[in-house]
file run-v1.json (JSON, C-alpha atoms)
[["chain", "number", "residue", "atom", "x", "y", "z"],
["A", 1, "MET", "CA", -55.40, 3.32, -13.61],
["A", 2, "ALA", "CA", -55.81, -0.44, -13.93],
["A", 3, "LEU", "CA", -56.64, -1.57, -17.45],
["A", 4, "SER", "CA", -58.36, -4.85, -18.27],
["A", 5, "TYR", "CA", -56.96, -7.70, -20.35],
["A", 6, "TYR", "CA", -58.58, -8.90, -23.54],
["A", 7, "TYR", "CA", -60.24, -12.30, -23.28],
["A", 8, "GLY", "CA", -61.14, -14.66, -26.14],
["A", 9, "HIS", "CA", -63.68, -13.12, -28.52],
["A", 10, "GLU", "CA", -63.16, -9.59, -27.12],
["A", 11, "ALA", "CA", -60.17, -9.11, -29.44],
["A", 12, "ASP", "CA", -62.63, -8.62, -32.32],
["A", 13, "LYS", "CA", -64.92, -6.08, -30.67],
["A", 14, "TYR", "CA", -63.24, -2.95, -32.09],
["A", 15, "SER", "CA", -62.73, -1.75, -35.61],
["A", 16, "PHE", "CA", -59.22, -0.77, -36.59],
["A", 17, "ILE", "CA", -57.55, 1.44, -39.14],
["A", 18, "ARG", "CA", -54.97, -0.43, -41.16],
["A", 19, "ILE", "CA", -51.86, 1.46, -42.11],
["A", 20, "PRO", "CA", -49.58, -0.42, -44.50],
["A", 21, "LYS", "CA", -46.38, -1.44, -42.74],
["A", 22, "VAL", "CA", -44.27, -0.12, -45.62],
["A", 23, "MET", "CA", -45.51, 3.39, -44.81],
["A", 24, "VAL", "CA", -43.62, 3.13, -41.54],
["A", 25, "THR", "CA", -40.62, 1.06, -42.61],
["A", 26, "GLU", "CA", -39.74, 2.21, -46.15],
["A", 27, "SER", "CA", -37.69, 5.34, -46.77],
["A", 28, "ILE", "CA", -39.89, 6.42, -49.71],
["A", 29, "PHE", "CA", -42.59, 7.31, -47.16],
["A", 30, "SER", "CA", -40.29, 8.86, -44.54],
["A", 31, "SER", "CA", -41.27, 12.40, -45.56],
["A", 32, "LEU", "CA", -44.88, 11.77, -44.54],
["A", 33, "SER", "CA", -45.99, 12.85, -41.10],
["A", 34, "LEU", "CA", -47.66, 10.32, -38.84],
["A", 35, "GLN", "CA", -50.92, 12.24, -39.31],
["A", 36, "ALA", "CA", -50.69, 11.84, -43.08],
["A", 37, "LYS", "CA", -50.06, 8.10, -42.66],
["A", 38, "ILE", "CA", -53.09, 7.78, -40.39],
["A", 39, "LEU", "CA", -55.16, 9.76, -42.88],
["A", 40, "TYR", "CA", -54.09, 7.34, -45.63],
["A", 41, "GLY", "CA", -55.30, 4.47, -43.43],
["A", 42, "LEU", "CA", -58.64, 6.23, -42.99],
["A", 43, "LEU", "CA", -58.87, 6.77, -46.75],
["A", 44, "LEU", "CA", -58.18, 3.08, -47.37],
["A", 45, "ASP", "CA", -60.99, 2.29, -44.94],
["A", 46, "ARG", "CA", -63.30, 4.59, -46.87],
["A", 47, "ILE", "CA", -62.69, 2.62, -50.07],
["A", 48, "GLY", "CA", -65.01, -0.07, -48.68],
["A", 49, "VAL", "CA", -67.76, 2.53, -48.20],
["A", 50, "ALA", "CA", -67.10, 3.86, -51.70],
["A", 51, "ARG", "CA", -67.54, 0.40, -53.19],
["A", 52, "LYS", "CA", -70.85, -0.09, -51.39],
["A", 53, "ASN", "CA", -72.05, 3.33, -52.59],
["A", 54, "ASP", "CA", -70.88, 2.59, -56.14],
["A", 55, "TRP", "CA", -68.59, 5.61, -56.17],
["A", 56, "VAL", "CA", -66.87, 4.70, -59.42],
["A", 57, "ASP", "CA", -66.04, 7.07, -62.24],
["A", 58, "GLU", "CA", -66.42, 6.55, -65.98],
["A", 59, "GLU", "CA", -63.00, 4.82, -66.06],
["A", 60, "GLU", "CA", -64.08, 2.36, -63.32],
["A", 61, "ARG", "CA", -61.77, 4.00, -60.74],
["A", 62, "ILE", "CA", -63.05, 4.00, -57.16],
["A", 63, "TYR", "CA", -63.15, 7.40, -55.52],
["A", 64, "VAL", "CA", -63.75, 8.54, -51.97],
["A", 65, "ILE", "CA", -65.72, 11.49, -50.68],
["A", 66, "TYR", "CA", -64.17, 12.62, -47.41],
["A", 67, "PRO", "CA", -64.79, 16.30, -46.60],
["A", 68, "ILE", "CA", -62.12, 18.20, -44.67],
["A", 69, "ALA", "CA", -64.58, 18.75, -41.81],
["A", 70, "GLU", "CA", -64.98, 14.97, -41.42],
["A", 71, "ILE", "CA", -61.21, 14.46, -41.50],
["A", 72, "GLN", "CA", -60.94, 17.09, -38.76],
["A", 73, "ASP", "CA", -63.56, 15.34, -36.64],
["A", 74, "ASP", "CA", -62.24, 11.81, -37.20],
["A", 75, "MET", "CA", -58.63, 12.75, -36.43],
["A", 76, "SER", "CA", -59.34, 15.50, -33.84],
["A", 77, "ILE", "CA", -57.14, 17.96, -35.70],
["A", 78, "SER", "CA", -57.50, 21.51, -36.97],
["A", 79, "LYS", "CA", -58.68, 22.38, -40.46],
["A", 80, "LYS", "CA", -55.16, 23.55, -41.29],
["A", 81, "LYS", "CA", -53.63, 20.24, -40.17],
["A", 82, "ALA", "CA", -56.25, 18.24, -42.09],
["A", 83, "ILE", "CA", -55.49, 20.19, -45.27],
["A", 84, "GLU", "CA", -51.73, 19.82, -44.71],
["A", 85, "SER", "CA", -52.00, 16.05, -44.16],
["A", 86, "LEU", "CA", -54.04, 15.62, -47.33],
["A", 87, "ALA", "CA", -51.56, 17.81, -49.22],
["A", 88, "GLU", "CA", -48.69, 15.57, -48.06],
["A", 89, "LEU", "CA", -50.46, 12.55, -49.54],
["A", 90, "GLU", "CA", -51.10, 14.44, -52.76],
["A", 91, "ALA", "CA", -47.47, 15.58, -53.01],
["A", 92, "ILE", "CA", -46.16, 12.02, -52.82],
["A", 93, "GLY", "CA", -48.80, 10.80, -55.28],
["A", 94, "LEU", "CA", -50.91, 8.66, -52.93],
["A", 95, "VAL", "CA", -54.02, 10.80, -53.39],
["A", 96, "GLU", "CA", -55.37, 12.67, -56.38],
["A", 97, "LYS", "CA", -57.99, 15.33, -55.75],
["A", 98, "LYS", "CA", -60.70, 16.30, -58.24],
["A", 99, "GLN", "CA", -62.71, 19.42, -57.48],
["A", 100, "ARG", "CA", -66.45, 19.28, -58.06],
["A", 101, "GLY", "CA", -67.42, 22.87, -57.33],
["A", 102, "LEU", "CA", -70.72, 24.34, -56.12],
["A", 103, "GLY", "CA", -69.76, 23.75, -52.49],
["A", 104, "GLN", "CA", -69.55, 19.98, -52.94],
["A", 105, "PRO", "CA", -66.65, 18.14, -51.31],
["A", 106, "ASN", "CA", -63.80, 17.07, -53.56],
["A", 107, "ILE", "CA", -63.52, 13.60, -54.98],
["A", 108, "LEU", "CA", -60.40, 11.81, -53.75],
["A", 109, "TYR", "CA", -58.76, 9.03, -55.69],
["A", 110, "VAL", "CA", -56.74, 6.93, -53.25],
["A", 111, "LYS", "CA", -53.82, 5.40, -55.07],
["A", 112, "ASP", "CA", -52.23, 2.04, -54.37],
["A", 113, "PHE", "CA", -49.05, 2.46, -52.32],
["A", 114, "ILE", "CA", -47.55, -0.65, -53.98],
["A", 115, "THR", "CA", -48.04, 0.45, -57.58],
["A", 116, "SER", "CA", -46.95, 4.05, -57.15],
["A", 117, "ASP", "CA", -44.01, 5.38, -59.18],
["A", 118, "ALA", "CA", -41.54, 3.52, -57.00],
["A", 119, "VAL", "CA", -42.53, -0.09, -56.39],
["A", 120, "VAL", "CA", -42.14, -0.88, -52.73],
["A", 121, "SER", "CA", -41.64, -4.40, -51.45],
["A", 122, "GLU", "CA", -43.02, -5.63, -48.14]]
call {"tool": "encode", "arguments": {"input": "run-v1.json", "output": "structure tokens"}}
result
Amino acid sequence: MALSYYYGHEADKYSFIRIPKVMVTESIFSSLSLQAKILYGLLLDRIGVARKNDWVDEEERIYVIYPIAEIQDDMSISKKKAIESLAELEAIGLVEKKQRGLGQPNILYVKDFITSDAVVSE
């Protein structure tokens, strides 16, 4: 298969998920699977949507609504793997989940990887 080169303005024609470099290079994040790191990048991307939708709680904290089914679809993974990846992020303190009940998806607070318990330098 012969793939094409990128030319000039074409470099900007795709959207990308940004994963903080420290999540790959720093030992504090070494316990996270690659899928959990990608999910964190997707959650960071969703913060922009949350801001536009004014998803802010009474303490002015931005939250994200990202149902497990959407995580499954976006990452092409099973429900079990989506739940496990989210649980990894919760366990390390990068995500806090708040249940809403009545069949509504959970609210997810995405926490700043720099200001977590251990301050990580880039």
call {"tool": "residues_around", "arguments": {"input": "run-v1.json", "residues": "Leu108 of chain A", "least_positions_apart": "5", "cutoff": "6 Å", "atoms": "all atoms listed in the file", "output": "CSV table (one decimal) with C-alpha atoms, in the frame of the given file"}}
result
chain,number,residue,atom,x,y,z
A,63,TYR,CA,-63.2,7.4,-55.5
A,64,VAL,CA,-63.8,8.5,-52.0
A,96,GLU,CA,-55.4,12.7,-56.4
A,97,LYS,CA,-58.0,15.3,-55.8
call {"tool": "closest_residue", "arguments": {"input": "run-v1.json", "among": "A:Leu3, A:Ile107, A:Ile62, A:Leu39", "to": "Ile19 of chain A", "atoms": "all atoms listed in the file"}}
result
A:Leu39
call {"tool": "residues_near_point", "arguments": {"input": "run-v1.json", "point": "(-51.4, 12.5, -41.0)", "cutoff": "9 Å", "atoms": "all atoms listed in the file", "output": "PyMOL selection string"}}
result
chain A and resi 32-40+75+81-82+84-86+88-89
call {"tool": "write_last_selection", "arguments": {"input": "run-v1.json", "atoms": "C-alpha atoms", "output": "PDB file, in the frame of the given file"}}
result
ATOM      1  CA  LEU A  32     -44.880  11.770 -44.540  1.00  0.00           C
ATOM      2  CA  SER A  33     -45.990  12.850 -41.100  1.00  0.00           C
ATOM      3  CA  LEU A  34     -47.660  10.320 -38.840  1.00  0.00           C
ATOM      4  CA  GLN A  35     -50.920  12.240 -39.310  1.00  0.00           C
ATOM      5  CA  ALA A  36     -50.690  11.840 -43.080  1.00  0.00           C
ATOM      6  CA  LYS A  37     -50.060   8.100 -42.660  1.00  0.00           C
ATOM      7  CA  ILE A  38     -53.090   7.780 -40.390  1.00  0.00           C
ATOM      8  CA  LEU A  39     -55.160   9.760 -42.880  1.00  0.00           C
ATOM      9  CA  TYR A  40     -54.090   7.340 -45.630  1.00  0.00           C
ATOM     10  CA  MET A  75     -58.630  12.750 -36.430  1.00  0.00           C
ATOM     11  CA  LYS A  81     -53.630  20.240 -40.170  1.00  0.00           C
ATOM     12  CA  ALA A  82     -56.250  18.240 -42.090  1.00  0.00           C
ATOM     13  CA  GLU A  84     -51.730  19.820 -44.710  1.00  0.00           C
ATOM     14  CA  SER A  85     -52.000  16.050 -44.160  1.00  0.00           C
ATOM     15  CA  LEU A  86     -54.040  15.620 -47.330  1.00  0.00           C
ATOM     16  CA  GLU A  88     -48.690  15.570 -48.060  1.00  0.00           C
ATOM     17  CA  LEU A  89     -50.460  12.550 -49.540  1.00  0.00           C
TER      18      LEU A  89
END
call {"tool": "axis_aligned_box", "arguments": {"input": "run-v1.json", "around": "segment 89-105 of chain A", "padding_each_side": "3 Å", "output": "JSON"}}
result
{"center_x": -58.4, "center_y": 16.5, "center_z": -53.9, "size_x": 30.6, "size_y": 21.7, "size_z": 14.7}
call {"tool": "atom_distance", "arguments": {"input": "run-v1.json", "atom1": "atom CA of Phe113 of chain A", "atom2": "atom CA of Gly93 of chain A"}}
result
8.9 Å
call {"tool": "closest_residue", "arguments": {"input": "run-v1.json", "among": "A:Ile47, A:Ile17, A:Ile114, A:Glu10", "to": "Arg61 of chain A", "atoms": "all atoms listed in the file"}}
result
A:Ile47
call {"tool": "atom_distance", "arguments": {"input": "run-v1.json", "atom1": "atom CA of Ser78 of chain A", "atom2": "atom CA of Lys52 of chain A"}}
result
29.2 Å
call {"tool": "atom_distance", "arguments": {"input": "run-v1.json", "atom1": "atom CA of Leu94 of chain A", "atom2": "atom CA of Lys111 of chain A"}}
result
4.9 Å
call {"tool": "closest_residue", "arguments": {"input": "run-v1.json", "among": "A:Ala87, A:Ile92, A:Val110, A:Leu102", "to": "Phe29 of chain A", "atoms": "all atoms listed in the file"}}
result
A:Ile92
call {"tool": "residues_around", "arguments": {"input": "run-v1.json", "residues": "Arg46 of chain A", "least_positions_apart": "5", "cutoff": "9 Å", "atoms": "only C-alpha atoms", "output": "list in words"}}
result
Gly41, Arg51, Val64, Ile65 and Tyr66 of chain A
call {"tool": "closest_residue", "arguments": {"input": "run-v1.json", "among": "A:Val49, A:Asp54, A:Ser27, A:Pro67", "to": "Arg100 of chain A", "atoms": "all atoms listed in the file"}}
result
A:Pro67
